$ cat coords.txt   # compact mmCIF, all heavy atoms
# COMPACT_ATOMS: atom_id res chain seq x y z
N MET G 255 -1.07 -0.80 3.94
CA MET G 255 -1.46 -0.02 2.81
C MET G 255 -2.92 -0.30 2.54
O MET G 255 -3.37 -1.44 2.62
CB MET G 255 -0.59 -0.41 1.61
CG MET G 255 -0.93 0.29 0.36
SD MET G 255 0.24 -0.17 -0.92
CE MET G 255 -0.37 0.82 -2.21
N SER G 256 -3.67 0.74 2.23
CA SER G 256 -5.07 0.55 1.88
C SER G 256 -5.34 1.19 0.52
O SER G 256 -4.74 2.20 0.17
CB SER G 256 -5.98 1.16 2.94
OG SER G 256 -5.79 2.55 2.99
N ILE G 257 -6.21 0.55 -0.23
CA ILE G 257 -6.60 1.05 -1.55
C ILE G 257 -8.12 1.11 -1.57
O ILE G 257 -8.79 0.14 -1.25
CB ILE G 257 -6.10 0.13 -2.67
CG1 ILE G 257 -4.57 0.10 -2.68
CG2 ILE G 257 -6.65 0.58 -4.02
CD1 ILE G 257 -3.98 -0.89 -3.65
N GLY G 258 -8.65 2.27 -1.91
CA GLY G 258 -10.09 2.44 -2.05
C GLY G 258 -10.43 2.61 -3.52
O GLY G 258 -9.80 3.38 -4.22
N TYR G 259 -11.38 1.83 -3.99
CA TYR G 259 -11.78 1.93 -5.39
C TYR G 259 -12.75 3.08 -5.59
O TYR G 259 -13.25 3.67 -4.64
CB TYR G 259 -12.39 0.61 -5.85
CG TYR G 259 -11.40 -0.54 -5.81
CD1 TYR G 259 -11.68 -1.70 -5.13
CD2 TYR G 259 -10.17 -0.43 -6.43
CE1 TYR G 259 -10.77 -2.74 -5.07
CE2 TYR G 259 -9.25 -1.46 -6.38
CZ TYR G 259 -9.55 -2.62 -5.71
OH TYR G 259 -8.65 -3.64 -5.66
N SER G 260 -13.05 3.40 -6.83
CA SER G 260 -13.93 4.51 -7.14
C SER G 260 -15.30 4.33 -6.51
O SER G 260 -15.69 3.21 -6.17
CB SER G 260 -14.09 4.66 -8.66
OG SER G 260 -14.85 3.60 -9.18
N LYS G 261 -16.03 5.42 -6.36
CA LYS G 261 -17.37 5.35 -5.76
C LYS G 261 -18.29 4.43 -6.55
O LYS G 261 -19.09 3.70 -5.98
CB LYS G 261 -17.99 6.75 -5.68
CG LYS G 261 -17.41 7.62 -4.62
CD LYS G 261 -18.15 8.94 -4.55
CE LYS G 261 -17.60 9.81 -3.45
NZ LYS G 261 -18.34 11.07 -3.34
N LYS G 262 -18.16 4.45 -7.86
CA LYS G 262 -19.00 3.62 -8.72
C LYS G 262 -18.72 2.13 -8.47
O LYS G 262 -19.63 1.32 -8.41
CB LYS G 262 -18.76 3.97 -10.18
CG LYS G 262 -19.67 3.25 -11.13
CD LYS G 262 -19.45 3.72 -12.55
CE LYS G 262 -20.38 2.99 -13.50
NZ LYS G 262 -20.21 3.43 -14.87
N THR G 263 -17.45 1.77 -8.34
CA THR G 263 -17.06 0.37 -8.13
C THR G 263 -17.30 -0.05 -6.69
O THR G 263 -17.79 -1.13 -6.42
CB THR G 263 -15.56 0.18 -8.48
OG1 THR G 263 -15.34 0.63 -9.80
CG2 THR G 263 -15.15 -1.25 -8.34
N GLY G 264 -16.88 0.81 -5.76
CA GLY G 264 -17.00 0.50 -4.34
C GLY G 264 -15.97 -0.51 -3.88
O GLY G 264 -15.31 -1.17 -4.67
N GLY G 265 -15.82 -0.62 -2.57
CA GLY G 265 -14.90 -1.60 -2.00
C GLY G 265 -13.47 -1.11 -1.94
O GLY G 265 -13.17 0.06 -2.09
N GLY G 266 -12.58 -2.06 -1.71
CA GLY G 266 -11.16 -1.76 -1.61
C GLY G 266 -10.45 -2.89 -0.91
O GLY G 266 -10.99 -3.99 -0.77
N LEU G 267 -9.22 -2.64 -0.49
CA LEU G 267 -8.45 -3.66 0.21
C LEU G 267 -7.49 -3.02 1.17
O LEU G 267 -7.17 -1.84 1.07
CB LEU G 267 -7.70 -4.55 -0.79
CG LEU G 267 -6.65 -3.90 -1.69
CD1 LEU G 267 -5.28 -3.98 -1.07
CD2 LEU G 267 -6.65 -4.59 -3.03
N SER G 268 -7.00 -3.81 2.10
CA SER G 268 -6.01 -3.37 3.07
C SER G 268 -5.03 -4.51 3.29
O SER G 268 -5.45 -5.63 3.58
CB SER G 268 -6.69 -2.98 4.39
OG SER G 268 -5.72 -2.56 5.33
N ARG G 269 -3.75 -4.24 3.12
CA ARG G 269 -2.73 -5.27 3.27
C ARG G 269 -1.54 -4.72 4.05
O ARG G 269 -1.29 -3.53 4.09
CB ARG G 269 -2.23 -5.75 1.90
CG ARG G 269 -3.28 -6.42 1.04
CD ARG G 269 -3.67 -7.78 1.63
NE ARG G 269 -4.59 -8.50 0.79
CZ ARG G 269 -5.91 -8.42 0.83
NH1 ARG G 269 -6.47 -7.59 1.68
NH2 ARG G 269 -6.66 -9.13 0.04
N GLN G 270 -0.75 -5.64 4.62
CA GLN G 270 0.45 -5.27 5.37
C GLN G 270 1.66 -5.99 4.80
O GLN G 270 1.54 -7.08 4.26
CB GLN G 270 0.32 -5.69 6.83
CG GLN G 270 -0.81 -5.03 7.57
CD GLN G 270 -0.88 -5.53 9.00
OE1 GLN G 270 0.14 -5.77 9.64
NE2 GLN G 270 -2.09 -5.69 9.50
N LYS G 271 2.82 -5.39 4.97
CA LYS G 271 4.08 -6.03 4.61
C LYS G 271 5.13 -5.54 5.59
O LYS G 271 5.27 -4.34 5.82
CB LYS G 271 4.48 -5.69 3.19
CG LYS G 271 5.70 -6.43 2.72
CD LYS G 271 5.71 -6.51 1.22
CE LYS G 271 6.86 -7.32 0.71
NZ LYS G 271 6.68 -8.74 0.84
N LYS G 272 5.87 -6.46 6.15
CA LYS G 272 6.91 -6.11 7.11
C LYS G 272 8.17 -5.69 6.36
O LYS G 272 8.62 -6.37 5.45
CB LYS G 272 7.22 -7.30 8.02
CG LYS G 272 8.17 -6.97 9.13
CD LYS G 272 8.31 -8.11 10.11
CE LYS G 272 9.22 -7.73 11.24
NZ LYS G 272 9.34 -8.79 12.23
N VAL G 273 8.73 -4.55 6.78
CA VAL G 273 9.97 -4.05 6.20
C VAL G 273 11.11 -4.64 7.03
O VAL G 273 11.05 -4.67 8.25
CB VAL G 273 9.99 -2.50 6.25
CG1 VAL G 273 11.28 -1.95 5.69
CG2 VAL G 273 8.80 -1.95 5.49
N GLY G 274 12.16 -5.08 6.36
CA GLY G 274 13.27 -5.77 7.02
C GLY G 274 14.05 -4.94 8.02
O GLY G 274 14.68 -5.48 8.92
N ARG G 275 14.02 -3.61 7.88
CA ARG G 275 14.77 -2.75 8.80
C ARG G 275 14.00 -1.46 9.03
O ARG G 275 13.16 -1.09 8.23
CB ARG G 275 16.16 -2.44 8.25
CG ARG G 275 16.13 -1.71 6.93
CD ARG G 275 17.55 -1.55 6.37
NE ARG G 275 17.50 -1.02 5.02
CZ ARG G 275 17.46 0.27 4.70
NH1 ARG G 275 17.46 1.18 5.65
NH2 ARG G 275 17.43 0.66 3.45
N ALA G 276 14.30 -0.81 10.10
CA ALA G 276 13.62 0.44 10.43
C ALA G 276 14.00 1.54 9.44
O ALA G 276 15.15 1.66 9.06
CB ALA G 276 13.99 0.87 11.84
N SER G 277 13.00 2.29 9.01
CA SER G 277 13.25 3.40 8.10
C SER G 277 12.05 4.34 8.10
O SER G 277 10.92 3.91 8.26
CB SER G 277 13.49 2.90 6.68
OG SER G 277 13.68 3.99 5.81
N ASN G 278 12.33 5.61 7.91
CA ASN G 278 11.25 6.56 7.72
C ASN G 278 11.41 7.28 6.39
O ASN G 278 10.79 8.30 6.14
CB ASN G 278 11.17 7.57 8.88
CG ASN G 278 12.40 8.44 8.94
OD1 ASN G 278 13.38 8.21 8.25
ND2 ASN G 278 12.36 9.46 9.78
N LEU G 279 12.24 6.73 5.52
CA LEU G 279 12.49 7.33 4.21
C LEU G 279 11.53 6.77 3.17
O LEU G 279 11.38 5.56 3.03
CB LEU G 279 13.93 7.04 3.76
CG LEU G 279 15.04 7.58 4.67
CD1 LEU G 279 16.40 7.14 4.16
CD2 LEU G 279 14.96 9.10 4.72
N SER G 280 10.90 7.65 2.45
CA SER G 280 9.94 7.25 1.41
C SER G 280 10.58 6.32 0.39
O SER G 280 9.97 5.36 -0.06
CB SER G 280 9.39 8.47 0.69
OG SER G 280 8.68 9.29 1.57
N GLN G 281 11.83 6.59 0.03
CA GLN G 281 12.52 5.77 -0.98
C GLN G 281 12.75 4.34 -0.50
O GLN G 281 12.86 3.43 -1.32
CB GLN G 281 13.83 6.42 -1.39
CG GLN G 281 14.85 6.53 -0.26
CD GLN G 281 15.81 7.67 -0.46
OE1 GLN G 281 15.46 8.68 -1.04
NE2 GLN G 281 17.02 7.50 0.02
N ASP G 282 12.79 4.10 0.80
CA ASP G 282 12.92 2.75 1.34
C ASP G 282 11.58 2.03 1.38
O ASP G 282 11.50 0.82 1.19
CB ASP G 282 13.50 2.77 2.76
CG ASP G 282 14.95 3.22 2.79
OD1 ASP G 282 15.61 3.20 1.73
OD2 ASP G 282 15.43 3.59 3.87
N ILE G 283 10.52 2.77 1.63
CA ILE G 283 9.20 2.18 1.82
C ILE G 283 8.45 2.00 0.50
O ILE G 283 7.68 1.06 0.33
CB ILE G 283 8.39 3.07 2.79
CG1 ILE G 283 9.10 3.07 4.15
CG2 ILE G 283 6.96 2.58 2.93
CD1 ILE G 283 8.62 4.11 5.11
N PHE G 284 8.70 2.86 -0.47
CA PHE G 284 7.98 2.85 -1.74
C PHE G 284 8.00 1.49 -2.46
O PHE G 284 6.96 1.04 -2.94
CB PHE G 284 8.51 3.96 -2.64
CG PHE G 284 7.72 4.14 -3.90
CD1 PHE G 284 6.45 4.67 -3.87
CD2 PHE G 284 8.25 3.78 -5.13
CE1 PHE G 284 5.71 4.84 -5.03
CE2 PHE G 284 7.52 3.94 -6.29
CZ PHE G 284 6.25 4.47 -6.24
N PRO G 285 9.15 0.79 -2.56
CA PRO G 285 9.15 -0.50 -3.24
C PRO G 285 8.21 -1.53 -2.59
O PRO G 285 7.59 -2.35 -3.29
CB PRO G 285 10.60 -0.98 -3.16
CG PRO G 285 11.39 0.26 -2.97
CD PRO G 285 10.51 1.20 -2.19
N TYR G 286 8.06 -1.48 -1.28
CA TYR G 286 7.14 -2.39 -0.59
C TYR G 286 5.69 -2.07 -0.98
O TYR G 286 4.88 -2.97 -1.17
CB TYR G 286 7.32 -2.29 0.93
CG TYR G 286 8.63 -2.85 1.41
CD1 TYR G 286 9.74 -2.04 1.57
CD2 TYR G 286 8.75 -4.20 1.71
CE1 TYR G 286 10.95 -2.56 2.00
CE2 TYR G 286 9.96 -4.74 2.14
CZ TYR G 286 11.05 -3.91 2.28
OH TYR G 286 12.24 -4.43 2.70
N CYS G 287 5.39 -0.79 -1.10
CA CYS G 287 4.05 -0.38 -1.51
C CYS G 287 3.75 -0.84 -2.93
O CYS G 287 2.65 -1.32 -3.22
CB CYS G 287 3.90 1.13 -1.41
SG CYS G 287 4.05 1.75 0.27
N LEU G 288 4.72 -0.71 -3.82
CA LEU G 288 4.53 -1.17 -5.20
C LEU G 288 4.30 -2.67 -5.25
O LEU G 288 3.47 -3.15 -6.03
CB LEU G 288 5.73 -0.80 -6.06
CG LEU G 288 5.80 0.63 -6.55
CD1 LEU G 288 7.04 0.84 -7.41
CD2 LEU G 288 4.56 1.00 -7.33
N THR G 289 5.01 -3.42 -4.43
CA THR G 289 4.83 -4.88 -4.38
C THR G 289 3.40 -5.22 -3.99
O THR G 289 2.76 -6.07 -4.62
CB THR G 289 5.82 -5.52 -3.38
OG1 THR G 289 7.14 -5.24 -3.81
CG2 THR G 289 5.62 -7.01 -3.29
N ILE G 290 2.89 -4.56 -2.96
CA ILE G 290 1.51 -4.80 -2.53
C ILE G 290 0.55 -4.42 -3.64
O ILE G 290 -0.37 -5.18 -3.96
CB ILE G 290 1.21 -4.00 -1.23
CG1 ILE G 290 2.01 -4.57 -0.07
CG2 ILE G 290 -0.29 -4.04 -0.93
CD1 ILE G 290 1.93 -3.74 1.20
N LEU G 291 0.76 -3.28 -4.26
CA LEU G 291 -0.14 -2.82 -5.32
C LEU G 291 -0.16 -3.81 -6.48
O LEU G 291 -1.23 -4.21 -6.94
CB LEU G 291 0.29 -1.44 -5.80
CG LEU G 291 -0.55 -0.83 -6.92
CD1 LEU G 291 -1.97 -0.60 -6.45
CD2 LEU G 291 0.06 0.48 -7.38
N HIS G 292 0.99 -4.24 -6.93
CA HIS G 292 1.07 -5.15 -8.08
C HIS G 292 0.54 -6.55 -7.74
O HIS G 292 0.01 -7.23 -8.61
CB HIS G 292 2.50 -5.23 -8.60
CG HIS G 292 2.95 -3.98 -9.27
ND1 HIS G 292 3.09 -3.84 -10.62
CD2 HIS G 292 3.27 -2.77 -8.76
CE1 HIS G 292 3.48 -2.62 -10.92
NE2 HIS G 292 3.59 -1.95 -9.80
N THR G 293 0.67 -6.96 -6.50
CA THR G 293 0.22 -8.29 -6.09
C THR G 293 -1.29 -8.37 -5.92
O THR G 293 -1.92 -9.34 -6.33
CB THR G 293 0.89 -8.70 -4.76
OG1 THR G 293 2.31 -8.66 -4.94
CG2 THR G 293 0.49 -10.10 -4.35
N PHE G 294 -1.89 -7.34 -5.34
CA PHE G 294 -3.29 -7.43 -4.94
C PHE G 294 -4.25 -6.56 -5.76
O PHE G 294 -5.47 -6.67 -5.60
CB PHE G 294 -3.45 -7.08 -3.46
CG PHE G 294 -2.74 -8.05 -2.56
CD1 PHE G 294 -1.54 -7.71 -1.97
CD2 PHE G 294 -3.26 -9.31 -2.32
CE1 PHE G 294 -0.87 -8.60 -1.15
CE2 PHE G 294 -2.61 -10.21 -1.50
CZ PHE G 294 -1.41 -9.85 -0.92
N ASP G 295 -3.74 -5.69 -6.62
CA ASP G 295 -4.63 -4.82 -7.39
C ASP G 295 -5.46 -5.64 -8.37
O ASP G 295 -4.95 -6.52 -9.06
CB ASP G 295 -3.82 -3.77 -8.14
CG ASP G 295 -4.69 -2.82 -8.93
OD1 ASP G 295 -5.77 -2.46 -8.43
OD2 ASP G 295 -4.30 -2.46 -10.04
N SER G 296 -6.74 -5.33 -8.44
CA SER G 296 -7.65 -6.08 -9.32
C SER G 296 -7.91 -5.36 -10.64
O SER G 296 -8.70 -5.83 -11.45
CB SER G 296 -8.98 -6.31 -8.59
OG SER G 296 -9.58 -5.06 -8.32
N GLY G 297 -7.27 -4.23 -10.86
CA GLY G 297 -7.46 -3.49 -12.09
C GLY G 297 -8.63 -2.53 -12.06
O GLY G 297 -8.93 -1.88 -13.05
N MET G 298 -9.30 -2.44 -10.93
CA MET G 298 -10.43 -1.52 -10.78
C MET G 298 -9.89 -0.09 -10.69
O MET G 298 -8.76 0.12 -10.27
CB MET G 298 -11.22 -1.83 -9.51
CG MET G 298 -11.77 -3.21 -9.45
SD MET G 298 -13.15 -3.34 -10.54
CE MET G 298 -13.93 -4.79 -9.91
N PRO G 299 -10.72 0.92 -11.05
CA PRO G 299 -10.29 2.32 -10.90
C PRO G 299 -10.04 2.66 -9.43
O PRO G 299 -10.90 2.44 -8.59
CB PRO G 299 -11.49 3.12 -11.44
CG PRO G 299 -12.34 2.16 -12.18
CD PRO G 299 -12.05 0.80 -11.62
N ILE G 300 -8.86 3.18 -9.12
CA ILE G 300 -8.48 3.49 -7.74
C ILE G 300 -8.81 4.95 -7.43
O ILE G 300 -8.48 5.85 -8.19
CB ILE G 300 -6.98 3.23 -7.52
CG1 ILE G 300 -6.71 1.74 -7.67
CG2 ILE G 300 -6.52 3.74 -6.17
CD1 ILE G 300 -5.24 1.39 -7.61
N ARG G 301 -9.46 5.14 -6.29
CA ARG G 301 -9.78 6.50 -5.85
C ARG G 301 -8.78 7.00 -4.82
O ARG G 301 -8.40 8.17 -4.80
CB ARG G 301 -11.18 6.53 -5.23
CG ARG G 301 -11.54 7.89 -4.74
CD ARG G 301 -12.90 7.97 -4.18
NE ARG G 301 -13.09 9.33 -3.69
CZ ARG G 301 -14.23 9.84 -3.40
NH1 ARG G 301 -15.32 9.15 -3.53
NH2 ARG G 301 -14.31 11.06 -2.94
N SER G 302 -8.33 6.12 -3.93
CA SER G 302 -7.41 6.56 -2.89
C SER G 302 -6.44 5.45 -2.49
O SER G 302 -6.76 4.28 -2.58
CB SER G 302 -8.19 7.02 -1.64
OG SER G 302 -8.90 5.94 -1.10
N ILE G 303 -5.25 5.88 -2.08
CA ILE G 303 -4.23 4.96 -1.56
C ILE G 303 -3.73 5.56 -0.26
O ILE G 303 -3.42 6.75 -0.19
CB ILE G 303 -3.05 4.79 -2.54
CG1 ILE G 303 -3.53 4.16 -3.85
CG2 ILE G 303 -1.95 3.96 -1.91
CD1 ILE G 303 -2.46 4.02 -4.90
N GLY G 304 -3.66 4.73 0.78
CA GLY G 304 -3.18 5.21 2.07
C GLY G 304 -2.10 4.29 2.62
O GLY G 304 -2.13 3.08 2.42
N ASN G 305 -1.12 4.88 3.28
CA ASN G 305 -0.06 4.12 3.94
C ASN G 305 -0.08 4.46 5.41
O ASN G 305 -0.26 5.61 5.80
CB ASN G 305 1.31 4.50 3.37
CG ASN G 305 1.51 3.94 1.99
OD1 ASN G 305 1.31 2.77 1.77
ND2 ASN G 305 1.90 4.78 1.06
N PHE G 306 0.14 3.45 6.22
CA PHE G 306 0.17 3.61 7.66
C PHE G 306 1.45 2.98 8.17
O PHE G 306 1.71 1.82 7.93
CB PHE G 306 -1.04 2.96 8.31
CG PHE G 306 -2.34 3.46 7.74
CD1 PHE G 306 -2.94 2.79 6.70
CD2 PHE G 306 -2.92 4.62 8.22
CE1 PHE G 306 -4.13 3.26 6.15
CE2 PHE G 306 -4.09 5.09 7.68
CZ PHE G 306 -4.70 4.42 6.63
N LEU G 307 2.25 3.74 8.87
CA LEU G 307 3.52 3.26 9.40
C LEU G 307 3.40 3.09 10.90
O LEU G 307 2.93 3.98 11.59
CB LEU G 307 4.65 4.23 9.06
CG LEU G 307 4.78 4.57 7.57
CD1 LEU G 307 5.84 5.63 7.37
CD2 LEU G 307 5.07 3.34 6.76
N ILE G 308 3.85 1.94 11.37
CA ILE G 308 3.77 1.64 12.79
C ILE G 308 5.16 1.31 13.31
O ILE G 308 5.88 0.52 12.70
CB ILE G 308 2.83 0.44 13.05
CG1 ILE G 308 1.44 0.78 12.54
CG2 ILE G 308 2.80 0.08 14.54
CD1 ILE G 308 0.50 -0.40 12.53
N LYS G 309 5.53 1.90 14.39
CA LYS G 309 6.84 1.63 15.01
C LYS G 309 6.70 0.45 15.96
O LYS G 309 5.85 0.44 16.83
CB LYS G 309 7.32 2.87 15.77
CG LYS G 309 8.67 2.71 16.38
CD LYS G 309 9.06 3.98 17.10
CE LYS G 309 10.38 3.81 17.81
NZ LYS G 309 10.76 5.00 18.54
N HIS G 310 7.52 -0.55 15.77
CA HIS G 310 7.53 -1.71 16.68
C HIS G 310 8.78 -1.76 17.48
O HIS G 310 9.82 -1.43 17.11
CB HIS G 310 7.43 -3.02 15.89
CG HIS G 310 6.04 -3.26 15.38
ND1 HIS G 310 5.06 -3.77 16.17
CD2 HIS G 310 5.50 -3.05 14.17
CE1 HIS G 310 3.96 -3.89 15.46
NE2 HIS G 310 4.20 -3.45 14.22
$ encode --input "coords.txt" --output "structure tokens"
Amino acid sequence: MSIGYSKKTGGGLSRQKKVGRASNLSQDIFPYCLTILHTFDSGMPIRSIGNFLIKH
């Protein structure tokens, strides 16, 4: 998951979290994204959020 802050603030972050089982359903993946957001968000204005799914 990547988070880009506003143009004025600049910067952002990129983090990964392994899902316990294979899934392509948004409802299965969404809680993992929220965990990353709540853990690493600095409270800066967010401009963009991106998710990247990789099959292993």
$ closest_atom_pairs --input "coords.txt" --of "segment 286-308 of chain G" --to "segment 267-277 of chain G" --cutoff "4 Å" --atoms "all atoms listed in the file" --output "Markdown table"
| residue | atom | partner | partner_atom | distance |
| --- | --- | --- | --- | --- |
| G:Tyr286 | OH | G:Gly274 | N | 3.7 |
| G:Ile290 | CD1 | G:Lys271 | CB | 3.8 |
| G:Phe294 | CE2 | G:Arg269 | NE | 3.5 |
$ atom_distance --input "coords.txt" --atom1 "atom CG of Asn278 of chain G" --atom2 "atom C of Lys309 of chain G"
12.1 Å
$ select_by_dssp --input "coords.txt" --residues "chain G" --states "helix (DSSP H, G or I)" --output "JSON, numbers by chain"
{"G": [280, 281, 282, 283, 284, 285, 286, 287, 288, 289, 290, 291, 292, 293, 294]}
$ write_last_selection --input "coords.txt" --atoms "all heavy atoms" --output "short mmCIF file (atom, residue, chain, number, x, y, z; two decimals), in the frame of the given file"
data_model
loop_
_atom_site.label_atom_id
_atom_site.label_comp_id
_atom_site.auth_asym_id
_atom_site.auth_seq_id
_atom_site.Cartn_x
_atom_site.Cartn_y
_atom_site.Cartn_z
N SER G 280 10.90 7.65 2.45
CA SER G 280 9.94 7.25 1.41
C SER G 280 10.58 6.32 0.39
O SER G 280 9.97 5.36 -0.06
CB SER G 280 9.39 8.47 0.69
OG SER G 280 8.68 9.29 1.57
N GLN G 281 11.83 6.59 0.03
CA GLN G 281 12.52 5.77 -0.98
C GLN G 281 12.75 4.34 -0.50
O GLN G 281 12.86 3.43 -1.32
CB GLN G 281 13.83 6.42 -1.39
CG GLN G 281 14.85 6.53 -0.26
CD GLN G 281 15.81 7.67 -0.46
OE1 GLN G 281 15.46 8.68 -1.04
NE2 GLN G 281 17.02 7.50 0.02
N ASP G 282 12.79 4.10 0.80
CA ASP G 282 12.92 2.75 1.34
C ASP G 282 11.58 2.03 1.38
O ASP G 282 11.50 0.82 1.19
CB ASP G 282 13.50 2.77 2.76
CG ASP G 282 14.95 3.22 2.79
OD1 ASP G 282 15.61 3.20 1.73
OD2 ASP G 282 15.43 3.59 3.87
N ILE G 283 10.52 2.77 1.63
CA ILE G 283 9.20 2.18 1.82
C ILE G 283 8.45 2.00 0.50
O ILE G 283 7.68 1.06 0.33
CB ILE G 283 8.39 3.07 2.79
CG1 ILE G 283 9.10 3.07 4.15
CG2 ILE G 283 6.96 2.58 2.93
CD1 ILE G 283 8.62 4.11 5.11
N PHE G 284 8.70 2.86 -0.47
CA PHE G 284 7.98 2.85 -1.74
C PHE G 284 8.00 1.49 -2.46
O PHE G 284 6.96 1.04 -2.94
CB PHE G 284 8.51 3.96 -2.64
CG PHE G 284 7.72 4.14 -3.90
CD1 PHE G 284 6.45 4.67 -3.87
CD2 PHE G 284 8.25 3.78 -5.13
CE1 PHE G 284 5.71 4.84 -5.03
CE2 PHE G 284 7.52 3.94 -6.29
CZ PHE G 284 6.25 4.47 -6.24
N PRO G 285 9.15 0.79 -2.56
CA PRO G 285 9.15 -0.50 -3.24
C PRO G 285 8.21 -1.53 -2.59
O PRO G 285 7.59 -2.35 -3.29
CB PRO G 285 10.60 -0.98 -3.16
CG PRO G 285 11.39 0.26 -2.97
CD PRO G 285 10.51 1.20 -2.19
N TYR G 286 8.06 -1.48 -1.28
CA TYR G 286 7.14 -2.39 -0.59
C TYR G 286 5.69 -2.07 -0.98
O TYR G 286 4.88 -2.97 -1.17
CB TYR G 286 7.32 -2.29 0.93
CG TYR G 286 8.63 -2.85 1.41
CD1 TYR G 286 9.74 -2.04 1.57
CD2 TYR G 286 8.75 -4.20 1.71
CE1 TYR G 286 10.95 -2.56 2.00
CE2 TYR G 286 9.96 -4.74 2.14
CZ TYR G 286 11.05 -3.91 2.28
OH TYR G 286 12.24 -4.43 2.70
N CYS G 287 5.39 -0.79 -1.10
CA CYS G 287 4.05 -0.38 -1.51
C CYS G 287 3.75 -0.84 -2.93
O CYS G 287 2.65 -1.32 -3.22
CB CYS G 287 3.90 1.13 -1.41
SG CYS G 287 4.05 1.75 0.27
N LEU G 288 4.72 -0.71 -3.82
CA LEU G 288 4.53 -1.17 -5.20
C LEU G 288 4.30 -2.67 -5.25
O LEU G 288 3.47 -3.15 -6.03
CB LEU G 288 5.73 -0.80 -6.06
CG LEU G 288 5.80 0.63 -6.55
CD1 LEU G 288 7.04 0.84 -7.41
CD2 LEU G 288 4.56 1.00 -7.33
N THR G 289 5.01 -3.42 -4.43
CA THR G 289 4.83 -4.88 -4.38
C THR G 289 3.40 -5.22 -3.99
O THR G 289 2.76 -6.07 -4.62
CB THR G 289 5.82 -5.52 -3.38
OG1 THR G 289 7.14 -5.24 -3.81
CG2 THR G 289 5.62 -7.01 -3.29
N ILE G 290 2.89 -4.56 -2.96
CA ILE G 290 1.51 -4.80 -2.53
C ILE G 290 0.55 -4.42 -3.64
O ILE G 290 -0.37 -5.18 -3.96
CB ILE G 290 1.21 -4.00 -1.23
CG1 ILE G 290 2.01 -4.57 -0.07
CG2 ILE G 290 -0.29 -4.04 -0.93
CD1 ILE G 290 1.93 -3.74 1.20
N LEU G 291 0.76 -3.28 -4.26
CA LEU G 291 -0.14 -2.82 -5.32
C LEU G 291 -0.16 -3.81 -6.48
O LEU G 291 -1.23 -4.21 -6.94
CB LEU G 291 0.29 -1.44 -5.80
CG LEU G 291 -0.55 -0.83 -6.92
CD1 LEU G 291 -1.97 -0.60 -6.45
CD2 LEU G 291 0.06 0.48 -7.38
N HIS G 292 0.99 -4.24 -6.93
CA HIS G 292 1.07 -5.15 -8.08
C HIS G 292 0.54 -6.55 -7.74
O HIS G 292 0.01 -7.23 -8.61
CB HIS G 292 2.50 -5.23 -8.60
CG HIS G 292 2.95 -3.98 -9.27
ND1 HIS G 292 3.09 -3.84 -10.62
CD2 HIS G 292 3.27 -2.77 -8.76
CE1 HIS G 292 3.48 -2.62 -10.92
NE2 HIS G 292 3.59 -1.95 -9.80
N THR G 293 0.67 -6.96 -6.50
CA THR G 293 0.22 -8.29 -6.09
C THR G 293 -1.29 -8.37 -5.92
O THR G 293 -1.92 -9.34 -6.33
CB THR G 293 0.89 -8.70 -4.76
OG1 THR G 293 2.31 -8.66 -4.94
CG2 THR G 293 0.49 -10.10 -4.35
N PHE G 294 -1.89 -7.34 -5.34
CA PHE G 294 -3.29 -7.43 -4.94
C PHE G 294 -4.25 -6.56 -5.76
O PHE G 294 -5.47 -6.67 -5.60
CB PHE G 294 -3.45 -7.08 -3.46
CG PHE G 294 -2.74 -8.05 -2.56
CD1 PHE G 294 -1.54 -7.71 -1.97
CD2 PHE G 294 -3.26 -9.31 -2.32
CE1 PHE G 294 -0.87 -8.60 -1.15
CE2 PHE G 294 -2.61 -10.21 -1.50
CZ PHE G 294 -1.41 -9.85 -0.92
#
$ atom_distance --input "coords.txt" --atom1 "atom C of Arg301 of chain G" --atom2 "atom CA of Ile283 of chain G"
19.8 Å
$ atom_distance --input "coords.txt" --atom1 "atom CB of Asn305 of chain G" --atom2 "atom N of Met255 of chain G"
5.8 Å
$ axis_aligned_box --input "coords.txt" --around "segment 296-304 of chain G" --padding-each-side "5 Å" --output "AutoDock Vina command-line options"
--center_x -8.6 --center_y 2.4 --center_z -5.2 --size_x 23.4 --size_y 27.4 --size_z 25.7
$ select_by_dssp --input "coords.txt" --residues "segment 258-306 of chain G" --states "strand (DSSP E)" --output "ChimeraX atom specification"
/G:258-259,266-268,300-304
$ residues_near_point --input "coords.txt" --point "(-3.9, 1.7, 0.5)" --cutoff "5 Å" --atoms "all atoms listed in the file" --output "PyMOL selection string"
chain G and resi 255-257+267+302-304
